Number of protein chains: 2
Amino acid sequence: MLRSTASHAVPAHQVHMPDIHALLWPRHVALIGASAELESLRGRLMHTMVSHPFQGQIYPVTRSHTEVLGRKAYASVLDLPQRPELAVLIIPARYIPQALQDCGRAGVKAAVVLSSGFAEAAGADGSLLQAEMRAIAERYDMAVIGPNAEGFANLPAALIPTFSPALEASERPLLPGGRPRGQVTVLAQSGGIGFSFFDHGRAKELAFRYIVTTGNEACLETMAIAEYVLEEGKTDALIVLLEDVKNAATLRRVAEKALRAGVPIITAKIGRSEAGVRAAASHTAALAGSYQAYRAMFERYGLIEGHDIDEMIDLANALIAWRDRLPLGKRVGICTASGGGGGWMADTCAAAGLEVPILDAETRGRIDRHLPAYGTSQNPVDATAQAVHRIGYAGLARLVMDAPAVDGLVIVITARSPKNLKRQEAELARLAQETKKPILLWSYTLPDPQSTKLLADAGYPLFTDIRNCARALAAMADYRALREAFLKPVEVTTTPAPDRAAARATLAAGDGVLCQWEARPLLAAYGIGALPPAALVHSAAAATEAAASIGAPVALKVQSPDIAHKTEAGAVRLNVLGADAVSAAYAALMAAAARLAPRASIRGVLVEAMAPPGQEVILGIKRDATFGPLLLVGLGGVNVELLQDVVLAPVPLSLTAARDLIVRLKGARLLSAYRGRAASDVDALADAMVRLGLLAKDFADEIGEIDLNPVIVHPEGQGLSVVDALVIKHGPALGPTVARRS
Amino acid sequence: MLRSTASHAVPAHQVHMPDIHALLWPRHVALIGASAELESLRGRLMHTMVSHPFQGQIYPVTRSHTEVLGRKAYASVLDLPQRPELAVLIIPARYIPQALQDCGRAGVKAAVVLSSGFAEAAGADGSLLQAEMRAIAERYDMAVIGPNAEGFANLPAALIPTFSPALEASERPLLPGGRPRGQVTVLAQSGGIGFSFFDHGRAKELAFRYIVTTGNEACLETMAIAEYVLEEGKTDALIVLLEDVKNAATLRRVAEKALRAGVPIITAKIGRSEAGVRAAASHTAALAGSYQAYRAMFERYGLIEGHDIDEMIDLANALIAWRDRLPLGKRVGICTASGGGGGWMADTCAAAGLEVPILDAETRGRIDRHLPAYGTSQNPVDATAQAVHRIGYAGLARLVMDAPAVDGLVIVITARSPKNLKRQEAELARLAQETKKPILLWSYTLPDPQSTKLLADAGYPLFTDIRNCARALAAMADYRALREAFLKPVEVTTTPAPDRAAARATLAAGDGVLCQWEARPLLAAYGIGALPPAALVHSAAAATEAAASIGAPVALKVQSPDIAHKTEAGAVRLNVLGADAVSAAYAALMAAAARLAPRASIRGVLVEAMAPPGQEVILGIKRDATFGPLLLVGLGGVNVELLQDVVLAPVPLSLTAARDLIVRLKGARLLSAYRGRAASDVDALADAMVRLGLLAKDFADEIGEIDLNPVIVHPEGQGLSVVDALVIKHGPALGPTVARRS
């Protein structure tokens, strides 16, 4: 009976992937459109490229000069003395196809197309050019980023094929010196924003490996670069600005790979609002998916969402610095010499979801020995300036860090003067090596750049934004917990196993829409909740008979694919008992349906036993245009419809994931016991979610949408009843229903 | 009948206030505890004070030296050649009373006590010393800040009596040069945090007037300084860090005065969380009030809450720069040369509650003439780097700023290179003068300090945090709207006027707790909702008679001050109809009460007509220890109890304030029409809130707490019914009920 009949599209990773190594690590580079004019983008590009100590050859290619910045120029890439692996193209859009074709013929394996005027421009010409460009890249199997990109930077190689002013040679070295650091890679479609991370991050002593901006992504998308970077294994955190994901399977695979490798992805999604979607669409010809669906993906795979450049840099800095010692929980010890600063930090930590517990007596005793009478050891530990002057920040941290009640430390410091920190440098560095718990530093004063450098070398990224500091510690704990849960392999199964053949037959038999009566066998095949005894009838007499055989109050419900809101259409009668009442209810239903929905196709009337009472929830499957099926859970009719209290997750989902999802509902407490009312059977709800998720995954290609509304969750141990159900089969016209409905 | 009998405590502002002008603007200053040792706080203080160009004399007072830093030192303030208005004291706590007394005798009018070891220290000695210090200050009518303070800075006078390293003389002038700026004053108990605002703000070209840190506030509290500053009229925005408010009336008065003057207060409250309260309590001996009550005050008086130093600086900068042109609404036009930056800003604006509308056709036509094919004029206006290079940021802004659909502009810029901005400086400055709408600049690249200065001189504070930029525009619009509503004098009245005498009599007659039956006349006197027909009975026969005379289904409710949750105690029967049923219900109630609450005092059984259906809400008055009576409104039983969906406001409140409060409920949509259900009578609800607010204000000294739960709001035009009520009279033991319950 049990055959695995689920069908899948061919995953994108089985498609051949061009050589990204040639793109990021070429031995030699051709610059097509090279110029010496510093006022032009071309000139800035050329100048930037040659002013960094890249070890390979950089060949200018241009028809207008024989020499550029003292280097011999060539009229065509075909004329070069040796084959470059990478070509950087900055010529008008209309010349790109020919130039790219020349590259292909010359054996160039990778290209960066910086020119604009492709799919992002008004009119059809640009889109045609972009399609042509893609075809050529495929023909010659070239790894191409762009068009409309700002290029990339490989910092360790000092290879900087971009005109971004952020990467112009300056006194600031490309990579921070001092202690060897973990490295971050930045991936963005937008060049301006992509490279701005370098600006902000270098000021905070963050070490960058690659910054890659991909523009319109005619060929390679950010996720393909991400995949290379993860396989390379030299990147400790990714910052990814998402405007568009062309292939959800790739994002999912990359996210999984990153989570497995322990390389956190810090991301910002552009296109969360309507105006943001507009901007993304015109800017890089992106079709932004539903933000709700993105969030469901982020939450599943531990992507950490940032909302500001500095915030994302701070998150990357903290996650990299403490990657081998992420906090085991969310309890924080706060040390300070500033009472006000400690209090503010405590409030900010609490707002970020951290706990600031009072320390144990033993720890407090240890601390108290060092404090003057006006200090306090409870937590925040306000040691006063006097004690901190004597024992230093490191000494203070050592008094607190072994407290069993804390998972991580925040030290509130003043980093204005590097002189004061210089004295403590060795002690702080030793502490960073020895501590088993992460220690974050927030300076309320504006730090001197030397202070930032000194602390970074000692092992501590320095926070200047109090919210970012608290957020980082919370995100670190969340990331660790999520990753550890992910690494414990949980196979999503149910006992007994679903009857997939029966489900397939039910789906095949139904037309576009399955009403409750038609959907019941599908739910039964997967064991989703209890289905009250019921019968489909076509006459008052049959209704009476069915009700009698049920022998309890019944509901009568018109079954029609054309009546979505049965209550409003008068297509439901509840709590009907006795032959006369059933017969009258049947007649009234048919009359109401004929009056209110005269053209509705009526498939009969469902006579169903009333379910016992409980908390109403809604369960469903929605199909996102980008991410495919997502499970939805929400609480109660009014809560869903007016308060929009629903959460989504990709399918399938494990029992733990189902439970976590329920907890995230604003109204989750409605499921708990209160006053005289018993707690609802959350176990049964989570179980039904797992089963529904499996169903949606197994029939991802067949199912467009499922609405189980309402589902009655009975008191603990008593399960749940699916009281209404609607299944819409997948059709090309349905589109992104989540986006449309939210 | 209508006598105004409301009683009031004597308002604090009738109390004599010492001379804060002498504190902040002394001609000469004595430094008691002066030292030349730079390693000590005393030495740093002395050094800092003399190294700024303060025009008056600074007299060192110390017994250990005859000269300090080349200035003649005196053994006592009594020995000085002329009377200083201000004394700065930095000697051990135990010597403070004597020294302060000497100051008083010498005619010194003001003092700053920097020493620690007072009420913030463990043990009773410090508190005693602090009381002694306060007594001396009162005796000599001195304006005293501290103890445990870090002093203050008067930047225009270059008077810097603090040891804060933030104010050490440096190459950076105390005040920014260039264009005359509006000035901000910072008030904080915490010295470390207070002065850190200077650090962060000077880097953002903000001009400071005063920074005053008040420590334990034994005598003067921040609000007194705020009052002086407002009366002086030279400060354009206040940044106030609140740890403790000793006198709510003062906070209220200052907030009103500031709002009237159009001086926005940007505030952060320390003690929002339990750990924060702990920190504040130990740090400055503060008793933090309930954060919910603070928020209600902030919302009423337009105080703008910040959550990070930089965010507060950014808010102050924007509010000062555009104080005469705050936005009329929340619709923003976004201009950018970076598509990614524009999209991100659009999302961030939407998240901050701003609207990013598509621009009108005329405006778009005007813009389109300047854009290449790959730009877009819809909004965000992505002009592309090419167009911005040609017409400049100012040119771009001018194309958008007259669009009728926008109230303010955000320009996404790159301020890395001052060179590029230098070219545009004059145009930008002219634009800042001419625009009628505020224009905020966000740089996604890290700005060069010269860029920040150049833009500030041109009239634009520069944002580097995208969230702060969007937040600032939203806060500016909110502030303007709130202030304009405030300046239209609305007298809170009701028609007919409340029968205060009847209310007074009802309150006087009741003992500590008024049950529903006893509370009904109070509600009637103020016209708070409809009270269903009812009678209090003491026998089954009387119950039957009462029910018969009502002639409709009734509720029976045990009236006892000892039974708070009637439903759970079986002390309510609903929808009872017919003599037998009423009689049986009466008996059952009395039996249940005897069984479940044998010691409860029973005042009878209320027989009340069932109210018509509607949306349940809760209305109430809570008494905060610091702020006094607050009105509470929440939606529905479960929403209040499990989802904590309640909001608070100070009383009395106007009809507009009541409506605004209702809208702020998470579940506000439950009051609107949906599907077949009619909208609830929100007008009646707002009216009842105004009346309840008046009642609470009129009897602020008599009423401890009022619970109207539930109140049934009927469909539009049909009013509301108060279905249960409880009034607890004010007693000293009640304390801060909001804090206790939340």
# chains A, B, ... in the order shown; residues from 1 in each chain; ligands from 1
call {"tool": "select_by_dssp", "arguments": {"residues": "segment 647-684 of chain A", "states": "alpha helix (DSSP H)", "output": "PDB file with N, CA, C and O atoms, in the first residue's frame"}}
result
ATOM      1  N   LEU A 655       8.077  17.914  14.873  1.00  0.00           N
ATOM      2  CA  LEU A 655       7.234  18.177  16.034  1.00  0.00           C
ATOM      3  C   LEU A 655       7.757  19.391  16.803  1.00  0.00           C
ATOM      4  O   LEU A 655       6.988  20.252  17.245  1.00  0.00           O
ATOM      5  N   THR A 656       9.085  19.473  16.957  1.00  0.00           N
ATOM      6  CA  THR A 656       9.671  20.619  17.655  1.00  0.00           C
ATOM      7  C   THR A 656       9.368  21.905  16.911  1.00  0.00           C
ATOM      8  O   THR A 656       8.991  22.914  17.518  1.00  0.00           O
ATOM      9  N   ALA A 657       9.537  21.884  15.593  1.00  0.00           N
ATOM     10  CA  ALA A 657       9.271  23.087  14.804  1.00  0.00           C
ATOM     11  C   ALA A 657       7.803  23.482  14.929  1.00  0.00           C
ATOM     12  O   ALA A 657       7.471  24.667  15.013  1.00  0.00           O
ATOM     13  N   ALA A 658       6.920  22.491  14.970  1.00  0.00           N
ATOM     14  CA  ALA A 658       5.486  22.780  15.098  1.00  0.00           C
ATOM     15  C   ALA A 658       5.204  23.451  16.439  1.00  0.00           C
ATOM     16  O   ALA A 658       4.498  24.452  16.524  1.00  0.00           O
ATOM     17  N   ARG A 659       5.808  22.909  17.469  1.00  0.00           N
ATOM     18  CA  ARG A 659       5.623  23.502  18.809  1.00  0.00           C
ATOM     19  C   ARG A 659       6.159  24.929  18.849  1.00  0.00           C
ATOM     20  O   ARG A 659       5.538  25.833  19.404  1.00  0.00           O
ATOM     21  N   ASP A 660       7.348  25.138  18.284  1.00  0.00           N
ATOM     22  CA  ASP A 660       7.939  26.480  18.274  1.00  0.00           C
ATOM     23  C   ASP A 660       7.025  27.461  17.539  1.00  0.00           C
ATOM     24  O   ASP A 660       6.907  28.623  17.918  1.00  0.00           O
ATOM     25  N   LEU A 661       6.409  26.969  16.493  1.00  0.00           N
ATOM     26  CA  LEU A 661       5.539  27.828  15.693  1.00  0.00           C
ATOM     27  C   LEU A 661       4.315  28.247  16.510  1.00  0.00           C
ATOM     28  O   LEU A 661       3.924  29.413  16.511  1.00  0.00           O
ATOM     29  N   ILE A 662       3.746  27.303  17.232  1.00  0.00           N
ATOM     30  CA  ILE A 662       2.559  27.608  18.046  1.00  0.00           C
ATOM     31  C   ILE A 662       2.908  28.679  19.079  1.00  0.00           C
ATOM     32  O   ILE A 662       2.158  29.637  19.287  1.00  0.00           O
ATOM     33  N   VAL A 663       4.087  28.529  19.692  1.00  0.00           N
ATOM     34  CA  VAL A 663       4.498  29.467  20.736  1.00  0.00           C
ATOM     35  C   VAL A 663       4.631  30.879  20.181  1.00  0.00           C
ATOM     36  O   VAL A 663       4.446  31.867  20.880  1.00  0.00           O
ATOM     37  N   VAL A 682      -2.296  20.863  23.014  1.00  0.00           N
ATOM     38  CA  VAL A 682      -1.277  21.404  22.115  1.00  0.00           C
ATOM     39  C   VAL A 682      -0.497  20.266  21.450  1.00  0.00           C
ATOM     40  O   VAL A 682      -0.064  20.378  20.298  1.00  0.00           O
ATOM     41  N   ASP A 683      -0.337  19.150  22.153  1.00  0.00           N
ATOM     42  CA  ASP A 683       0.340  17.995  21.546  1.00  0.00           C
ATOM     43  C   ASP A 683      -0.400  17.552  20.285  1.00  0.00           C
ATOM     44  O   ASP A 683       0.217  17.275  19.249  1.00  0.00           O
ATOM     45  N   ALA A 684      -1.726  17.475  20.403  1.00  0.00           N
ATOM     46  CA  ALA A 684      -2.516  17.037  19.252  1.00  0.00           C
ATOM     47  C   ALA A 684      -2.412  18.054  18.122  1.00  0.00           C
ATOM     48  O   ALA A 684      -2.332  17.688  16.944  1.00  0.00           O
TER      49      ALA A 684
END
call {"tool": "residues_around", "arguments": {"residues": "Ser116 of chain A", "least_positions_apart": "6", "cutoff": "9 Å", "atoms": "only C-alpha atoms", "output": "PyMOL selection string"}}
result
(chain A and resi 90+92-93+126+146-149) or (chain B and resi 374)
call {"tool": "interface_residues", "arguments": {"of": "chain B", "to": "chain A", "cutoff": "7 Å", "atoms": "only C-alpha atoms", "output": "number ranges by chain"}}
result
B: 117, 120-122, 190, 192-193, 196, 199-200, 270-273, 275-276, 279-280, 282-283, 308, 338-344, 346-347, 350, 356, 373-376, 380, 444-446, 465-467, 568, 642-643, 667, 669-670, 676
call {"tool": "residues_around", "arguments": {"residues": "Ala543 of chain A", "least_positions_apart": "2", "cutoff": "10 Å", "atoms": "only C-alpha atoms", "output": "list in words"}}
result
Ala535, Leu536, Val537, His538, Ser539, Ala540, Ala541, Glu545, Ala546, Ala547, Ala548, Ser549, Leu556, Ala579, Val582, Ser583, Ala585, Tyr586, Val605, Leu606, Val607 and Glu608 of chain A
call {"tool": "residues_around", "arguments": {"residues": "Asp701 of chain B", "least_positions_apart": "2", "cutoff": "7 Å", "atoms": "only C-alpha atoms", "output": "number ranges by chain"}}
result
B: 699, 703, 730
call {"tool": "write_last_selection", "arguments": {"atoms": "N, CA, C and O atoms", "output": "PDB file, in the first residue's frame"}}
result
ATOM      1  N   PHE B 699     -12.157  62.943  41.874  1.00  0.00           N
ATOM      2  CA  PHE B 699     -12.016  62.275  43.174  1.00  0.00           C
ATOM      3  C   PHE B 699     -10.678  61.541  43.269  1.00  0.00           C
ATOM      4  O   PHE B 699     -10.600  60.414  43.741  1.00  0.00           O
ATOM      5  N   ILE B 703     -10.500  57.894  45.248  1.00  0.00           N
ATOM      6  CA  ILE B 703     -10.637  56.642  44.493  1.00  0.00           C
ATOM      7  C   ILE B 703      -9.277  55.973  44.307  1.00  0.00           C
ATOM      8  O   ILE B 703      -8.323  56.584  43.826  1.00  0.00           O
ATOM      9  N   HIS B 730      -9.384  54.846  47.949  1.00  0.00           N
ATOM     10  CA  HIS B 730      -7.943  55.042  48.094  1.00  0.00           C
ATOM     11  C   HIS B 730      -7.511  54.815  49.524  1.00  0.00           C
ATOM     12  O   HIS B 730      -8.051  55.407  50.450  1.00  0.00           O
TER      13      HIS B 730
END
call {"tool": "residues_around", "arguments": {"residues": "Ile706 of chain B", "least_positions_apart": "5", "cutoff": "10 Å", "atoms": "only C-alpha atoms", "output": "compact mmCIF listing (two decimals) with all heavy atoms, in the first residue's frame"}}
result
# COMPACT_ATOMS: atom_id res chain seq x y z
N VAL B 513 -14.57 49.05 49.86
CA VAL B 513 -14.84 48.52 48.53
C VAL B 513 -16.32 48.70 48.19
O VAL B 513 -17.18 48.33 49.00
CB VAL B 513 -14.48 47.02 48.47
CG1 VAL B 513 -14.88 46.42 47.11
CG2 VAL B 513 -12.99 46.83 48.70
N LEU B 514 -16.60 49.27 47.04
CA LEU B 514 -17.98 49.39 46.58
C LEU B 514 -18.24 48.29 45.55
O LEU B 514 -17.60 48.25 44.50
CB LEU B 514 -18.24 50.75 45.91
CG LEU B 514 -18.45 51.97 46.82
CD1 LEU B 514 -17.18 52.29 47.60
CD2 LEU B 514 -18.90 53.18 46.01
N ALA B 519 -21.69 50.82 43.49
CA ALA B 519 -20.96 51.67 42.55
C ALA B 519 -21.89 52.27 41.51
O ALA B 519 -21.56 53.28 40.89
CB ALA B 519 -19.87 50.85 41.85
N LEU B 619 -12.99 48.71 31.20
CA LEU B 619 -12.58 50.08 31.50
C LEU B 619 -12.16 50.12 32.96
O LEU B 619 -12.71 49.38 33.77
CB LEU B 619 -13.74 51.06 31.30
CG LEU B 619 -14.17 51.37 29.86
CD1 LEU B 619 -15.35 52.35 29.88
CD2 LEU B 619 -13.01 52.00 29.10
N GLY B 620 -11.21 50.96 33.27
CA GLY B 620 -10.83 51.02 34.67
C GLY B 620 -9.99 52.23 34.99
O GLY B 620 -9.57 52.99 34.12
N ILE B 621 -9.82 52.43 36.27
CA ILE B 621 -8.89 53.44 36.78
C ILE B 621 -7.88 52.71 37.65
O ILE B 621 -8.25 51.91 38.51
CB ILE B 621 -9.63 54.50 37.63
CG1 ILE B 621 -10.67 55.25 36.77
CG2 ILE B 621 -8.64 55.48 38.26
CD1 ILE B 621 -10.10 56.07 35.63
N LYS B 622 -6.60 52.93 37.35
CA LYS B 622 -5.54 52.35 38.18
C LYS B 622 -4.79 53.52 38.80
O LYS B 622 -4.73 54.61 38.23
CB LYS B 622 -4.56 51.55 37.31
CG LYS B 622 -5.19 50.40 36.55
CD LYS B 622 -5.44 49.24 37.46
CE LYS B 622 -6.35 48.23 36.80
NZ LYS B 622 -6.78 47.19 37.73
N ARG B 623 -4.19 53.28 39.90
CA ARG B 623 -3.48 54.35 40.57
C ARG B 623 -2.00 54.01 40.59
O ARG B 623 -1.57 53.04 41.20
CB ARG B 623 -4.00 54.47 42.00
CG ARG B 623 -3.68 55.77 42.64
CD ARG B 623 -4.14 55.83 44.07
NE ARG B 623 -3.72 57.11 44.59
CZ ARG B 623 -4.37 58.22 44.33
NH1 ARG B 623 -5.49 58.21 43.65
NH2 ARG B 623 -3.89 59.37 44.79
N PRO B 629 -3.84 58.70 39.26
CA PRO B 629 -4.83 57.93 38.51
C PRO B 629 -4.58 57.89 37.01
O PRO B 629 -4.23 58.88 36.39
CB PRO B 629 -6.15 58.67 38.81
CG PRO B 629 -5.76 60.01 39.29
CD PRO B 629 -4.39 59.91 39.89
N LEU B 631 -6.36 56.10 33.41
CA LEU B 631 -7.47 55.36 32.84
C LEU B 631 -6.94 54.19 32.03
O LEU B 631 -5.93 54.31 31.31
CB LEU B 631 -8.33 56.27 31.96
CG LEU B 631 -9.55 55.57 31.35
CD1 LEU B 631 -10.79 56.43 31.55
CD2 LEU B 631 -9.34 55.25 29.88
N LEU B 632 -7.61 53.06 32.14
CA LEU B 632 -7.22 51.86 31.42
C LEU B 632 -8.37 51.43 30.52
O LEU B 632 -9.52 51.46 30.94
CB LEU B 632 -6.91 50.78 32.45
CG LEU B 632 -6.66 49.34 32.01
CD1 LEU B 632 -5.78 48.67 33.07
CD2 LEU B 632 -7.96 48.55 31.88
N LEU B 692 -15.43 58.73 32.72
CA LEU B 692 -14.72 57.99 33.77
C LEU B 692 -13.43 58.73 34.16
O LEU B 692 -13.07 58.79 35.34
CB LEU B 692 -14.39 56.57 33.25
CG LEU B 692 -13.68 55.63 34.21
CD1 LEU B 692 -14.55 55.37 35.44
CD2 LEU B 692 -13.35 54.30 33.53
N ALA B 696 -12.40 60.13 37.86
CA ALA B 696 -11.14 59.80 38.52
C ALA B 696 -10.36 61.05 38.90
O ALA B 696 -9.70 61.11 39.93
CB ALA B 696 -10.30 58.91 37.60
N ALA B 725 -19.07 46.20 38.01
CA ALA B 725 -18.30 47.34 38.48
C ALA B 725 -17.78 47.08 39.88
O ALA B 725 -18.44 46.42 40.68
CB ALA B 725 -19.16 48.61 38.47
N LEU B 726 -16.59 47.59 40.12
CA LEU B 726 -15.99 47.49 41.45
C LEU B 726 -15.19 48.76 41.68
O LEU B 726 -14.43 49.17 40.80
CB LEU B 726 -15.06 46.27 41.49
CG LEU B 726 -14.50 45.89 42.86
CD1 LEU B 726 -15.58 45.19 43.68
CD2 LEU B 726 -13.29 44.97 42.70
N VAL B 727 -15.40 49.40 42.83
CA VAL B 727 -14.64 50.61 43.15
C VAL B 727 -13.91 50.36 44.46
O VAL B 727 -14.52 49.95 45.44
CB VAL B 727 -15.56 51.84 43.27
CG1 VAL B 727 -14.76 53.07 43.71
CG2 VAL B 727 -16.28 52.12 41.95
N ILE B 728 -12.60 50.56 44.44
CA ILE B 728 -11.83 50.43 45.67
C ILE B 728 -11.40 51.82 46.08
O ILE B 728 -10.80 52.55 45.29
CB ILE B 728 -10.60 49.52 45.45
CG1 ILE B 728 -11.06 48.14 44.98
CG2 ILE B 728 -9.79 49.40 46.75
CD1 ILE B 728 -9.92 47.19 44.65
N LYS B 729 -11.75 52.21 47.26
CA LYS B 729 -11.40 53.56 47.71
C LYS B 729 -9.89 53.64 47.99
O LYS B 729 -9.23 52.64 48.20
CB LYS B 729 -12.24 53.95 48.93
CG LYS B 729 -13.70 54.19 48.52
CD LYS B 729 -14.62 54.36 49.71
CE LYS B 729 -14.42 55.70 50.39
NZ LYS B 729 -15.46 55.90 51.44
call {"tool": "select_by_dssp", "arguments": {"residues": "segment 680-717 of chain A", "states": "strand (DSSP E or B)", "output": "list in words"}}
result
Ser680, Ile703, Gly704, Glu705, Ile706, Asp707, Leu708, Asn709, Pro710, Val711, Ile712, Val713 and Pro715 of chain A
call {"tool": "write_last_selection", "arguments": {"atoms": "N, CA, C and O atoms", "output": "PDB file, in the first residue's frame"}}
result
ATOM      1  N   SER A 680      -5.561  23.561  26.311  1.00  0.00           N
ATOM      2  CA  SER A 680      -5.909  22.860  25.076  1.00  0.00           C
ATOM      3  C   SER A 680      -4.853  21.806  24.770  1.00  0.00           C
ATOM      4  O   SER A 680      -3.718  21.868  25.244  1.00  0.00           O
ATOM      5  N   ILE A 703      -1.215  20.189  -4.673  1.00  0.00           N
ATOM      6  CA  ILE A 703      -2.045  20.973  -3.751  1.00  0.00           C
ATOM      7  C   ILE A 703      -1.699  22.454  -3.861  1.00  0.00           C
ATOM      8  O   ILE A 703      -0.538  22.849  -3.741  1.00  0.00           O
ATOM      9  N   GLY A 704      -2.719  23.272  -4.102  1.00  0.00           N
ATOM     10  CA  GLY A 704      -2.503  24.721  -4.173  1.00  0.00           C
ATOM     11  C   GLY A 704      -2.720  25.373  -2.826  1.00  0.00           C
ATOM     12  O   GLY A 704      -1.979  26.259  -2.418  1.00  0.00           O
ATOM     13  N   GLU A 705      -3.734  24.915  -2.119  1.00  0.00           N
ATOM     14  CA  GLU A 705      -4.075  25.567  -0.858  1.00  0.00           C
ATOM     15  C   GLU A 705      -4.947  24.626  -0.032  1.00  0.00           C
ATOM     16  O   GLU A 705      -5.773  23.899  -0.586  1.00  0.00           O
ATOM     17  N   ILE A 706      -4.746  24.632   1.251  1.00  0.00           N
ATOM     18  CA  ILE A 706      -5.632  23.895   2.166  1.00  0.00           C
ATOM     19  C   ILE A 706      -6.076  24.841   3.261  1.00  0.00           C
ATOM     20  O   ILE A 706      -5.256  25.580   3.815  1.00  0.00           O
ATOM     21  N   ASP A 707      -7.365  24.848   3.543  1.00  0.00           N
ATOM     22  CA  ASP A 707      -7.872  25.623   4.676  1.00  0.00           C
ATOM     23  C   ASP A 707      -8.631  24.695   5.601  1.00  0.00           C
ATOM     24  O   ASP A 707      -9.661  24.147   5.209  1.00  0.00           O
ATOM     25  N   LEU A 708      -8.131  24.516   6.807  1.00  0.00           N
ATOM     26  CA  LEU A 708      -8.876  23.783   7.831  1.00  0.00           C
ATOM     27  C   LEU A 708      -9.317  24.838   8.837  1.00  0.00           C
ATOM     28  O   LEU A 708      -8.516  25.305   9.649  1.00  0.00           O
ATOM     29  N   ASN A 709     -10.564  25.246   8.740  1.00  0.00           N
ATOM     30  CA  ASN A 709     -11.005  26.413   9.498  1.00  0.00           C
ATOM     31  C   ASN A 709     -12.500  26.338   9.744  1.00  0.00           C
ATOM     32  O   ASN A 709     -13.272  26.506   8.831  1.00  0.00           O
ATOM     33  N   PRO A 710     -12.902  26.114  10.992  1.00  0.00           N
ATOM     34  CA  PRO A 710     -12.024  25.993  12.156  1.00  0.00           C
ATOM     35  C   PRO A 710     -11.615  24.549  12.430  1.00  0.00           C
ATOM     36  O   PRO A 710     -12.248  23.616  11.989  1.00  0.00           O
ATOM     37  N   VAL A 711     -10.533  24.466  13.201  1.00  0.00           N
ATOM     38  CA  VAL A 711     -10.144  23.218  13.846  1.00  0.00           C
ATOM     39  C   VAL A 711     -10.411  23.446  15.331  1.00  0.00           C
ATOM     40  O   VAL A 711     -10.018  24.486  15.858  1.00  0.00           O
ATOM     41  N   ILE A 712     -11.107  22.509  15.961  1.00  0.00           N
ATOM     42  CA  ILE A 712     -11.391  22.681  17.395  1.00  0.00           C
ATOM     43  C   ILE A 712     -10.371  21.864  18.183  1.00  0.00           C
ATOM     44  O   ILE A 712     -10.350  20.636  18.081  1.00  0.00           O
ATOM     45  N   VAL A 713      -9.551  22.556  18.964  1.00  0.00           N
ATOM     46  CA  VAL A 713      -8.574  21.855  19.805  1.00  0.00           C
ATOM     47  C   VAL A 713      -9.222  21.610  21.164  1.00  0.00           C
ATOM     48  O   VAL A 713      -9.556  22.560  21.872  1.00  0.00           O
ATOM     49  N   PRO A 715      -9.672  19.918  25.133  1.00  0.00           N
ATOM     50  CA  PRO A 715      -8.783  19.945  26.304  1.00  0.00           C
ATOM     51  C   PRO A 715      -7.722  18.840  26.228  1.00  0.00           C
ATOM     52  O   PRO A 715      -7.913  17.832  25.545  1.00  0.00           O
TER      53      PRO A 715
END
call {"tool": "closest_residue", "arguments": {"among": "A:Ala405, A:Ala110, A:Ala99, A:Ala75", "to": "Pro26 of chain A", "atoms": "only C-alpha atoms"}}
result
A:Ala110
call {"tool": "residues_around", "arguments": {"residues": "Ala474 of chain B", "least_positions_apart": "6", "cutoff": "12 Å", "atoms": "only C-alpha atoms", "output": "ChimeraX atom specification"}}
result
/B:304,315,318-319,326-332,348-355,407-410,438,440,467-468,480-481
call {"tool": "atom_distance", "arguments": {"atom1": "atom CA of Ile211 of chain A", "atom2": "atom CA of His21 of chain A"}}
result
14.4 Å
call {"tool": "closest_residue", "arguments": {"among": "B:His370, B:Arg172, B:His28, B:Lys204", "to": "Pro84 of chain B", "atoms": "only C-alpha atoms"}}
result
B:His28
